[in-house]
Amino acid sequence: MMTNDTHSGMKESLLLEIDKRVADHVLEPTNAALLKKLISNAEDDNEAMMIAALGTTYKRTGLHFDKRMEKLSNDIRYFKKNEQLSFKTDEAQPTNKLIIGDNYEALQNLLIEYKGRVDVIYIDPPYGKDSMGEFAQTNYENAITRDNLLSMLYPRLMLAKQLLSDSGVIFCSIDDKNQAYVKCLFDEVFGENNFIANVIWERAFAPVNLKKHFSESHDYIICYAKEIDNAVCNGLPRTDETNNRYSNPDNDPRGVWTSGDLSVGPRVASKVYEITTPSGRIVLPPSGYCWRLDKETFEKYKSDRRIWFGEDGNSVPRIKRFLSEVKQGITPMTIWKHTEVGHSQDATKDLKKIFNDNFVFPYPKPIELMKRIIALYSKPDSIILDFFAGSGTTGHAVLALNEQDKGNRQFILCQLDEKTETTPNGIAYDVTAKRLKRIMTGECYDGMRNFKWAEENLPYGGNLDVYEIKSVHNAKAVKGETAFDVIDETLYGQTLFKTLREKVDWVCSNFAHTQKYLDNEEWLTEHQQKG
């Protein structure tokens with residue numbers, strides 16, 4: 001809920017996007033000028049996004065949907081810490097966060113402290129009839145349903161983009177029926193040039209023979225960078241199986257190596273020449289091919305013992321590739337098999353161990369899948385965000401990965417307090433928070449320790465702050481009930497302000513609809529006297 005005076009960067013980003021559309025001949029300059037004026041004068045980021053979205057109906061990608069934007073409100077939304085659910089096990093470890101409430105409001109509040117600091121975002125938005133709420137009565141047969149999905153995602157992706165670091169990436173799980181539409185939306189928000197990959201994850205391994213046509217066994221995970229040139233993929237860790245392909249039959253002092261084909265196509269005349277093997281055999285590249293190296297470079301490689309003619313010195317030459325010189329991270333493929341990253345059944349089994357078979361969360365993601373996503377683009381001290389947290393697998397994966405590589409990654413999870421038949425207190429309270437408490441401390445909130453996961457694993461440790469999203473009316477002027485009283489600046493990375501003036505300035509610069517108090521010295525003096 002940032003004001004005109006905030007530094008979220010949202011308006012600047014929207015204005016740059018308008019300029020790009022003019023350059024791409026999508027918007028007329030006169031129309032763009034009006035849009036830019038309206039965006040610049042918007043009361044807050046939410047209103048600015050509404051203007052930008054409603055004013056850019058004709059998309060570069062050709063995607064059009066009937067936008068339904070977030071409801072405007074004069075209430076101020078803020079974080080309030082739930083002391084009963086928060087806990088610490090080790091002050092030296094990072095403090096992770098679980099935010100309970102609407103993720104749109106959570107993202108707005110997170111921008112105050114975390115703008116440009118998040119390295120990896122993962123989301124698994126609701127996209128099925130049973131998970132899209134009251135608007136999804138007819139699922140895919142009703143175009144309004146998909147409009148609701150895209151309308152819900154658009155402003156959240158705009159905020160998420162502001163949270164990403166310059167080298168940050170975002171992953172999004174999506175199904176077959178919505179993948180094409182959601183990818184177009186990502187193209188709009190992040191730019192098609194920042195598209196990294198469309199991963200196919202084998203989420204099921206056994207065919208369902210009751211299906212009429214095909215038994216669906218995969219989901220998609222689309223990946224975008226904030227700036228493609230800045231994103232760095234760490235690659236997959238090398239395995240023993242991969243390293244065992246290297247040997248050292250000639251006792252080369254540089255260590256183990258494998259060999260690669262010296263011939264390549266298509267044929268380039270300057271790279272076709274005779275090579276004499278140590279045994280005296282004359283060899284040429286195959287028909288239509290040439291040597292990978294020109295004659296001069298080949299001779300350098302040969303003198304450096306980087307050309308291998310086989311143990312008898314009579315084979316077609318190959319290039320040595322030393323293990324010590326190869327890239328340590330293996331470039332990932334875009335098809336992820338369940339044998340590598342797990343499947344839905346694995347994820348369900350993990351949850352049953354944590355909750356003693358008492359609860360089954362629909363469509364959980366396996367921990368190994370999330371560990372791979374996080375490991376590919378995170379650093380040891382990265383911040384990882386999931387604003388459709390569900391059962392909390394992303395947080396679990398961050399803890400597991402930290403234990404594996406001794407990292408200090410921090411997770412931030414956002415989960416709506418959605419009540420169901422099996423979660424009468426809400427998913428965030430009955431599932432997400434309880435899962436994190438159990439795997440981090442080895443016990444439940446009620447002190448119970450006899451659950452299967454704790455019998456097989458040591459708790460990860462670490463600290464968790466649980467925030468709830470509260471609201472205060474902007475017209476409140478009673479001591480103890482104003483935004484300046486109820487908002488705790490320490491929950492936003494700030495130290496306690498020494499004066500009320502500092503607190504007022506900070507609140508007015510970061511939360512919407514408080515401007516009327518910023519320069520009201522009479523109110524400020526009266527409020528201080530009452531204190």
# chains A, B, ... in the order shown; residues from 1 in each chain; ligands from 1

$ residues_around --residues "Arg306 in chain A" --least-positions-apart "2" --cutoff "7 Å" --atoms "only C-alpha atoms" --output "ChimeraX atom specification"
/A:301-302,304,308,319-320

$ closest_residue --among "A:Val283, A:Leu110, A:Ile228, A:Ala375" --to "Leu159 in chain A" --atoms "only C-alpha atoms"
A:Leu110

$ select_by_dssp --residues "range 227-343 of chain A" --states "strand (DSSP E or B)" --output "PyMOL selection string"
chain A and resi 236+247+257-261+263-264+275-276+282-283+290-291+307-308+318-322+330+335-336

$ residues_around --residues "Lys352 in chain A" --least-positions-apart "2" --cutoff "12 Å" --atoms "only C-alpha atoms" --output "list in words"
Gln345, Asp346, Ala347, Thr348, Lys349, Asp350, Ile354, Phe355, Asn356, Asp357, Asn358, Phe359, Val360, Phe361, Pro362, Pro364, Ser391, Val431, Arg435, Phe451, Lys452, Trp453 and Ala454 of chain A

$ write_last_selection --atoms "N, CA and C atoms" --output "CSV table (one decimal), in the first residue's frame"
chain,number,residue,atom,x,y,z
A,345,GLN,N,3.2,-38.7,-5.4
A,345,GLN,CA,3.1,-39.7,-4.3
A,345,GLN,C,4.1,-39.6,-3.3
A,346,ASP,N,5.4,-39.2,-3.7
A,346,ASP,CA,6.4,-39.0,-2.7
A,346,ASP,C,6.1,-37.9,-1.8
A,347,ALA,N,5.6,-36.8,-2.4
A,347,ALA,CA,5.2,-35.6,-1.5
A,347,ALA,C,4.1,-35.9,-0.5
A,348,THR,N,3.1,-36.7,-1.0
A,348,THR,CA,2.1,-37.1,0.0
A,348,THR,C,2.6,-38.0,1.1
A,349,LYS,N,3.5,-38.9,0.8
A,349,LYS,CA,4.1,-39.7,1.8
A,349,LYS,C,4.9,-38.9,2.8
A,350,ASP,N,5.6,-37.9,2.4
A,350,ASP,CA,6.3,-37.0,3.3
A,350,ASP,C,5.4,-36.3,4.2
A,354,ILE,N,4.8,-36.4,8.5
A,354,ILE,CA,4.9,-35.2,9.4
A,354,ILE,C,3.6,-35.1,10.2
A,355,PHE,N,2.5,-35.5,9.6
A,355,PHE,CA,1.2,-35.4,10.3
A,355,PHE,C,0.6,-36.7,10.7
A,356,ASN,N,1.4,-37.7,10.8
A,356,ASN,CA,1.0,-39.0,11.3
A,356,ASN,C,-0.3,-39.6,10.6
A,357,ASP,N,-0.3,-39.4,9.2
A,357,ASP,CA,-1.4,-39.9,8.4
A,357,ASP,C,-2.7,-39.2,8.7
A,358,ASN,N,-2.7,-38.2,9.5
A,358,ASN,CA,-4.0,-37.5,9.8
A,358,ASN,C,-4.5,-36.5,8.8
A,359,PHE,N,-3.6,-36.2,7.9
A,359,PHE,CA,-4.0,-35.1,6.9
A,359,PHE,C,-3.3,-35.3,5.6
A,360,VAL,N,-4.1,-35.2,4.5
A,360,VAL,CA,-3.5,-35.3,3.2
A,360,VAL,C,-3.8,-33.9,2.5
A,361,PHE,N,-2.7,-33.2,2.2
A,361,PHE,CA,-2.9,-31.9,1.5
A,361,PHE,C,-3.0,-32.2,0.0
A,362,PRO,N,-3.9,-31.6,-0.8
A,362,PRO,CA,-4.0,-31.9,-2.2
A,362,PRO,C,-2.9,-31.3,-3.0
A,364,PRO,N,0.5,-31.8,-3.2
A,364,PRO,CA,1.8,-31.3,-2.7
A,364,PRO,C,2.9,-31.5,-3.7
A,391,SER,N,1.3,-26.2,1.6
A,391,SER,CA,1.7,-26.9,2.8
A,391,SER,C,3.1,-26.5,3.3
A,431,VAL,N,-1.8,-26.4,8.6
A,431,VAL,CA,-0.9,-27.1,7.8
A,431,VAL,C,0.5,-26.4,7.8
A,435,ARG,N,3.6,-27.7,10.0
A,435,ARG,CA,4.7,-28.4,9.3
A,435,ARG,C,6.0,-27.8,9.6
A,451,PHE,N,5.7,-38.1,16.2
A,451,PHE,CA,5.2,-38.3,14.8
A,451,PHE,C,6.3,-38.9,14.0
A,452,LYS,N,6.0,-39.6,12.9
A,452,LYS,CA,6.9,-40.5,12.2
A,452,LYS,C,8.1,-39.7,11.6
A,453,TRP,N,7.9,-38.5,11.1
A,453,TRP,CA,9.0,-37.8,10.5
A,453,TRP,C,10.1,-37.6,11.6
A,454,ALA,N,9.8,-37.2,12.8
A,454,ALA,CA,10.7,-37.0,13.9
A,454,ALA,C,11.5,-38.2,14.3

$ atom_distance --atom1 "CA of Asp75 in chain A" --atom2 "CA of Ile384 in chain A"
28.8 Å

$ residues_around --residues "range 411-424 of chain A" --least-positions-apart "2" --cutoff "7 Å" --atoms "only C-alpha atoms" --output "PyMOL selection string"
chain A and resi 96-103+106+383-390+395+398+409+426-428+430

$ write_last_selection --atoms "N, CA and C atoms" --output "PDB file, in the first residue's frame"
ATOM      1  N   ASN A  96      13.421 -17.093   9.290  1.00  0.00           N
ATOM      2  CA  ASN A  96      12.510 -17.260   8.167  1.00  0.00           C
ATOM      3  C   ASN A  96      11.158 -16.655   8.515  1.00  0.00           C
ATOM      4  N   LYS A  97      10.308 -16.494   7.489  1.00  0.00           N
ATOM      5  CA  LYS A  97       9.029 -15.833   7.730  1.00  0.00           C
ATOM      6  C   LYS A  97       7.891 -16.600   7.074  1.00  0.00           C
ATOM      7  N   LEU A  98       6.795 -16.685   7.809  1.00  0.00           N
ATOM      8  CA  LEU A  98       5.524 -17.162   7.287  1.00  0.00           C
ATOM      9  C   LEU A  98       4.518 -16.034   7.458  1.00  0.00           C
ATOM     10  N   ILE A  99       3.940 -15.583   6.340  1.00  0.00           N
ATOM     11  CA  ILE A  99       2.967 -14.486   6.373  1.00  0.00           C
ATOM     12  C   ILE A  99       1.595 -15.059   6.066  1.00  0.00           C
ATOM     13  N   ILE A 100       0.669 -14.862   6.981  1.00  0.00           N
ATOM     14  CA  ILE A 100      -0.672 -15.415   6.849  1.00  0.00           C
ATOM     15  C   ILE A 100      -1.622 -14.311   6.396  1.00  0.00           C
ATOM     16  N   GLY A 101      -2.229 -14.498   5.236  1.00  0.00           N
ATOM     17  CA  GLY A 101      -3.156 -13.502   4.708  1.00  0.00           C
ATOM     18  C   GLY A 101      -3.059 -13.421   3.198  1.00  0.00           C
ATOM     19  N   ASP A 102      -3.759 -12.460   2.628  1.00  0.00           N
ATOM     20  CA  ASP A 102      -3.771 -12.271   1.181  1.00  0.00           C
ATOM     21  C   ASP A 102      -2.356 -11.980   0.676  1.00  0.00           C
ATOM     22  N   ASN A 103      -1.907 -12.748  -0.312  1.00  0.00           N
ATOM     23  CA  ASN A 103      -0.529 -12.560  -0.771  1.00  0.00           C
ATOM     24  C   ASN A 103      -0.318 -11.244  -1.506  1.00  0.00           C
ATOM     25  N   ALA A 106       0.513  -9.049   1.259  1.00  0.00           N
ATOM     26  CA  ALA A 106       1.805  -9.486   1.784  1.00  0.00           C
ATOM     27  C   ALA A 106       2.949  -8.979   0.905  1.00  0.00           C
ATOM     28  N   ILE A 383      17.656 -15.202  -0.470  1.00  0.00           N
ATOM     29  CA  ILE A 383      16.288 -15.166   0.055  1.00  0.00           C
ATOM     30  C   ILE A 383      15.385 -15.830  -0.973  1.00  0.00           C
ATOM     31  N   ILE A 384      14.565 -16.788  -0.512  1.00  0.00           N
ATOM     32  CA  ILE A 384      13.668 -17.551  -1.375  1.00  0.00           C
ATOM     33  C   ILE A 384      12.230 -17.216  -0.989  1.00  0.00           C
ATOM     34  N   LEU A 385      11.405 -16.882  -1.974  1.00  0.00           N
ATOM     35  CA  LEU A 385      10.023 -16.475  -1.721  1.00  0.00           C
ATOM     36  C   LEU A 385       9.042 -17.402  -2.429  1.00  0.00           C
ATOM     37  N   ASP A 386       7.991 -17.789  -1.709  1.00  0.00           N
ATOM     38  CA  ASP A 386       6.874 -18.547  -2.280  1.00  0.00           C
ATOM     39  C   ASP A 386       5.601 -17.895  -1.762  1.00  0.00           C
ATOM     40  N   PHE A 387       4.854 -17.228  -2.651  1.00  0.00           N
ATOM     41  CA  PHE A 387       3.648 -16.538  -2.166  1.00  0.00           C
ATOM     42  C   PHE A 387       2.356 -17.286  -2.482  1.00  0.00           C
ATOM     43  N   PHE A 388       2.468 -18.568  -2.821  1.00  0.00           N
ATOM     44  CA  PHE A 388       1.339 -19.504  -2.793  1.00  0.00           C
ATOM     45  C   PHE A 388       1.847 -20.739  -2.055  1.00  0.00           C
ATOM     46  N   ALA A 389       2.133 -20.593  -0.776  1.00  0.00           N
ATOM     47  CA  ALA A 389       2.974 -21.560  -0.062  1.00  0.00           C
ATOM     48  C   ALA A 389       2.322 -22.913   0.154  1.00  0.00           C
ATOM     49  N   GLY A 390       1.001 -22.981   0.235  1.00  0.00           N
ATOM     50  CA  GLY A 390       0.344 -24.262   0.436  1.00  0.00           C
ATOM     51  C   GLY A 390       0.812 -24.941   1.710  1.00  0.00           C
ATOM     52  N   GLY A 395       9.582 -23.988   1.963  1.00  0.00           N
ATOM     53  CA  GLY A 395      10.333 -23.758   3.192  1.00  0.00           C
ATOM     54  C   GLY A 395      11.078 -25.002   3.633  1.00  0.00           C
ATOM     55  N   VAL A 398      14.168 -25.433   1.458  1.00  0.00           N
ATOM     56  CA  VAL A 398      15.239 -24.496   1.812  1.00  0.00           C
ATOM     57  C   VAL A 398      16.016 -25.020   3.015  1.00  0.00           C
ATOM     58  N   ARG A 409      20.421 -19.880   3.520  1.00  0.00           N
ATOM     59  CA  ARG A 409      19.286 -19.310   2.790  1.00  0.00           C
ATOM     60  C   ARG A 409      18.128 -19.031   3.744  1.00  0.00           C
ATOM     61  N   GLY A 426      -7.950 -22.889   9.027  1.00  0.00           N
ATOM     62  CA  GLY A 426      -7.267 -22.301   7.877  1.00  0.00           C
ATOM     63  C   GLY A 426      -6.017 -23.091   7.537  1.00  0.00           C
ATOM     64  N   ILE A 427      -5.706 -23.161   6.238  1.00  0.00           N
ATOM     65  CA  ILE A 427      -4.541 -23.928   5.780  1.00  0.00           C
ATOM     66  C   ILE A 427      -3.256 -23.429   6.428  1.00  0.00           C
ATOM     67  N   ALA A 428      -3.109 -22.106   6.535  1.00  0.00           N
ATOM     68  CA  ALA A 428      -1.872 -21.548   7.081  1.00  0.00           C
ATOM     69  C   ALA A 428      -1.646 -21.991   8.524  1.00  0.00           C
ATOM     70  N   ASP A 430      -3.385 -24.686  10.171  1.00  0.00           N
ATOM     71  CA  ASP A 430      -3.500 -26.133  10.385  1.00  0.00           C
ATOM     72  C   ASP A 430      -2.450 -26.944   9.644  1.00  0.00           C
TER      73      ASP A 430
END

$ atom_distance --atom1 "CA of Val256 in chain A" --atom2 "CA of Pro332 in chain A"
23.2 Å

$ residues_around --residues "His396 in chain A" --least-positions-apart "3" --cutoff "9 Å" --atoms "only C-alpha atoms" --output "PyMOL selection string"
chain A and resi 367+370-371+392-393+399-401+435-436+439-440

$ residues_around --residues "Ala42 in chain A" --least-positions-apart "4" --cutoff "10 Å" --atoms "only C-alpha atoms" --output "list in words"
Thr3, Asn4, Lys11, Lys36, Lys37, Leu38, Asn46, Glu47, Ala48, Met49, Met50 and Ile51 of chain A

$ closest_residue --among "A:Asn41, A:Gln179, A:Asn198, A:Thr499" --to "Trp336 in chain A" --atoms "only C-alpha atoms"
A:Asn198

$ closest_residue --among "A:Thr297, A:Thr394, A:Ser303, A:Ser382" --to "Leu164 in chain A" --atoms "only C-alpha atoms"
A:Ser382

$ residues_around --residues "Gly116 in chain A" --least-positions-apart "2" --cutoff "9 Å" --atoms "only C-alpha atoms" --output "PyMOL selection string"
chain A and resi 111+114+118-119+161-166+168

$ closest_residue --among "A:Val272, A:Ile123, A:Ala180, A:Ile200" --to "Ile335 in chain A" --atoms "only C-alpha atoms"
A:Ile200

$ select_by_dssp --residues "range 334-466 of chain A" --states "helix (DSSP H, G or I)" --output "MDAnalysis selection string"
chainID A and resid 338:341 344:354 367:377 393:405 427:441 452:456

$ decode --residues "range 75-87 of chain A" --atoms "all heavy atoms" --output "mmCIF file, in the first residue's frame"
data_model
loop_
_atom_site.group_PDB
_atom_site.id
_atom_site.type_symbol
_atom_site.label_atom_id
_atom_site.label_comp_id
_atom_site.auth_asym_id
_atom_site.auth_seq_id
_atom_site.Cartn_x
_atom_site.Cartn_y
_atom_site.Cartn_z
ATOM 1 N N ASP A 75 -8.283 1.308 3.956
ATOM 2 C CA ASP A 75 -7.662 0.702 5.125
ATOM 3 C C ASP A 75 -6.171 0.489 4.865
ATOM 4 O O ASP A 75 -5.748 0.236 3.738
ATOM 5 C CB ASP A 75 -8.310 -0.645 5.440
ATOM 6 C CG ASP A 75 -9.687 -0.472 6.078
ATOM 7 O OD1 ASP A 75 -10.028 0.674 6.436
ATOM 8 O OD2 ASP A 75 -10.404 -1.477 6.209
ATOM 9 N N ILE A 76 -5.394 0.595 5.905
ATOM 10 C CA ILE A 76 -3.950 0.388 5.810
ATOM 11 C C ILE A 76 -3.643 -1.028 6.284
ATOM 12 O O ILE A 76 -3.996 -1.408 7.407
ATOM 13 C CB ILE A 76 -3.202 1.408 6.681
ATOM 14 C CG1 ILE A 76 -3.549 2.830 6.234
ATOM 15 C CG2 ILE A 76 -1.695 1.179 6.627
ATOM 16 C CD1 ILE A 76 -3.187 3.885 7.248
ATOM 17 N N ARG A 77 -3.019 -1.822 5.431
ATOM 18 C CA ARG A 77 -2.678 -3.209 5.770
ATOM 19 C C ARG A 77 -1.237 -3.256 6.270
ATOM 20 O O ARG A 77 -0.348 -2.635 5.674
ATOM 21 C CB ARG A 77 -2.820 -4.111 4.546
ATOM 22 C CG ARG A 77 -4.135 -3.944 3.815
ATOM 23 C CD ARG A 77 -5.299 -4.515 4.574
ATOM 24 N NE ARG A 77 -6.549 -4.323 3.839
ATOM 25 C CZ ARG A 77 -7.712 -4.872 4.182
ATOM 26 N NH1 ARG A 77 -7.785 -5.639 5.251
ATOM 27 N NH2 ARG A 77 -8.790 -4.652 3.472
ATOM 28 N N TYR A 78 -1.006 -4.029 7.316
ATOM 29 C CA TYR A 78 0.329 -4.073 7.904
ATOM 30 C C TYR A 78 0.570 -5.430 8.551
ATOM 31 O O TYR A 78 -0.355 -6.210 8.785
ATOM 32 C CB TYR A 78 0.499 -2.950 8.935
ATOM 33 C CG TYR A 78 -0.415 -3.080 10.143
ATOM 34 C CD1 TYR A 78 0.021 -3.709 11.309
ATOM 35 C CD2 TYR A 78 -1.714 -2.589 10.118
ATOM 36 C CE1 TYR A 78 -0.815 -3.836 12.412
ATOM 37 C CE2 TYR A 78 -2.557 -2.715 11.211
ATOM 38 C CZ TYR A 78 -2.106 -3.342 12.354
ATOM 39 O OH TYR A 78 -2.936 -3.492 13.427
ATOM 40 N N PHE A 79 1.838 -5.722 8.840
ATOM 41 C CA PHE A 79 2.222 -6.965 9.492
ATOM 42 C C PHE A 79 2.072 -6.855 11.006
ATOM 43 O O PHE A 79 2.470 -5.848 11.612
ATOM 44 C CB PHE A 79 3.684 -7.317 9.196
ATOM 45 C CG PHE A 79 3.954 -7.745 7.781
ATOM 46 C CD1 PHE A 79 5.213 -7.548 7.219
ATOM 47 C CD2 PHE A 79 2.981 -8.359 7.007
ATOM 48 C CE1 PHE A 79 5.493 -7.950 5.929
ATOM 49 C CE2 PHE A 79 3.239 -8.763 5.705
ATOM 50 C CZ PHE A 79 4.490 -8.548 5.166
ATOM 51 N N LYS A 80 1.531 -7.905 11.604
ATOM 52 C CA LYS A 80 1.513 -8.020 13.063
ATOM 53 C C LYS A 80 2.052 -9.401 13.413
ATOM 54 O O LYS A 80 1.604 -10.415 12.871
ATOM 55 C CB LYS A 80 0.107 -7.851 13.625
ATOM 56 C CG LYS A 80 0.052 -7.898 15.158
ATOM 57 C CD LYS A 80 -1.336 -7.618 15.669
ATOM 58 C CE LYS A 80 -1.396 -7.726 17.206
ATOM 59 N NZ LYS A 80 -0.501 -6.761 17.866
ATOM 60 N N LYS A 81 3.014 -9.442 14.302
ATOM 61 C CA LYS A 81 3.663 -10.704 14.638
ATOM 62 C C LYS A 81 2.779 -11.552 15.540
ATOM 63 O O LYS A 81 2.188 -11.053 16.505
ATOM 64 C CB LYS A 81 5.004 -10.447 15.329
ATOM 65 C CG LYS A 81 5.826 -11.702 15.570
ATOM 66 C CD LYS A 81 7.201 -11.338 16.133
ATOM 67 C CE LYS A 81 8.047 -12.587 16.371
ATOM 68 N NZ LYS A 81 9.391 -12.248 16.886
ATOM 69 N N ASN A 82 2.670 -12.839 15.215
ATOM 70 C CA ASN A 82 1.974 -13.799 16.062
ATOM 71 C C ASN A 82 3.020 -14.435 16.974
ATOM 72 O O ASN A 82 3.784 -15.306 16.550
ATOM 73 C CB ASN A 82 1.284 -14.863 15.205
ATOM 74 C CG ASN A 82 0.456 -15.833 16.020
ATOM 75 O OD1 ASN A 82 0.896 -16.339 17.047
ATOM 76 N ND2 ASN A 82 -0.754 -16.114 15.548
ATOM 77 N N GLU A 83 3.072 -13.985 18.196
ATOM 78 C CA GLU A 83 4.104 -14.432 19.128
ATOM 79 C C GLU A 83 3.950 -15.899 19.491
ATOM 80 O O GLU A 83 4.944 -16.594 19.753
ATOM 81 C CB GLU A 83 4.074 -13.575 20.403
ATOM 82 C CG GLU A 83 4.343 -12.092 20.165
ATOM 83 C CD GLU A 83 5.801 -11.808 19.787
ATOM 84 O OE1 GLU A 83 6.629 -12.740 19.846
ATOM 85 O OE2 GLU A 83 6.100 -10.654 19.444
ATOM 86 N N GLN A 84 2.701 -16.401 19.503
ATOM 87 C CA GLN A 84 2.468 -17.791 19.894
ATOM 88 C C GLN A 84 2.992 -18.775 18.839
ATOM 89 O O GLN A 84 3.460 -19.864 19.185
ATOM 90 C CB GLN A 84 0.964 -18.044 20.117
ATOM 91 C CG GLN A 84 0.399 -17.436 21.393
ATOM 92 C CD GLN A 84 0.349 -15.921 21.333
ATOM 93 O OE1 GLN A 84 -0.008 -15.346 20.308
ATOM 94 N NE2 GLN A 84 0.723 -15.276 22.437
ATOM 95 N N LEU A 85 2.919 -18.400 17.584
ATOM 96 C CA LEU A 85 3.368 -19.298 16.518
ATOM 97 C C LEU A 85 4.828 -19.097 16.144
ATOM 98 O O LEU A 85 5.449 -19.974 15.550
ATOM 99 C CB LEU A 85 2.493 -19.112 15.270
ATOM 100 C CG LEU A 85 1.010 -19.458 15.416
ATOM 101 C CD1 LEU A 85 0.289 -19.299 14.068
ATOM 102 C CD2 LEU A 85 0.822 -20.878 15.944
ATOM 103 N N SER A 86 5.405 -17.949 16.482
ATOM 104 C CA SER A 86 6.812 -17.677 16.171
ATOM 105 C C SER A 86 7.716 -18.393 17.175
ATOM 106 O O SER A 86 7.316 -18.650 18.306
ATOM 107 C CB SER A 86 7.082 -16.175 16.217
ATOM 108 O OG SER A 86 6.249 -15.481 15.302
ATOM 109 N N PHE A 87 8.935 -18.724 16.732
ATOM 110 C CA PHE A 87 9.862 -19.401 17.644
ATOM 111 C C PHE A 87 11.295 -19.204 17.170
ATOM 112 O O PHE A 87 11.550 -18.871 16.016
ATOM 113 C CB PHE A 87 9.552 -20.901 17.743
ATOM 114 C CG PHE A 87 9.552 -21.624 16.419
ATOM 115 C CD1 PHE A 87 10.730 -22.086 15.849
ATOM 116 C CD2 PHE A 87 8.358 -21.842 15.735
ATOM 117 C CE1 PHE A 87 10.731 -22.751 14.633
ATOM 118 C CE2 PHE A 87 8.349 -22.507 14.514
ATOM 119 C CZ PHE A 87 9.531 -22.959 13.958
#
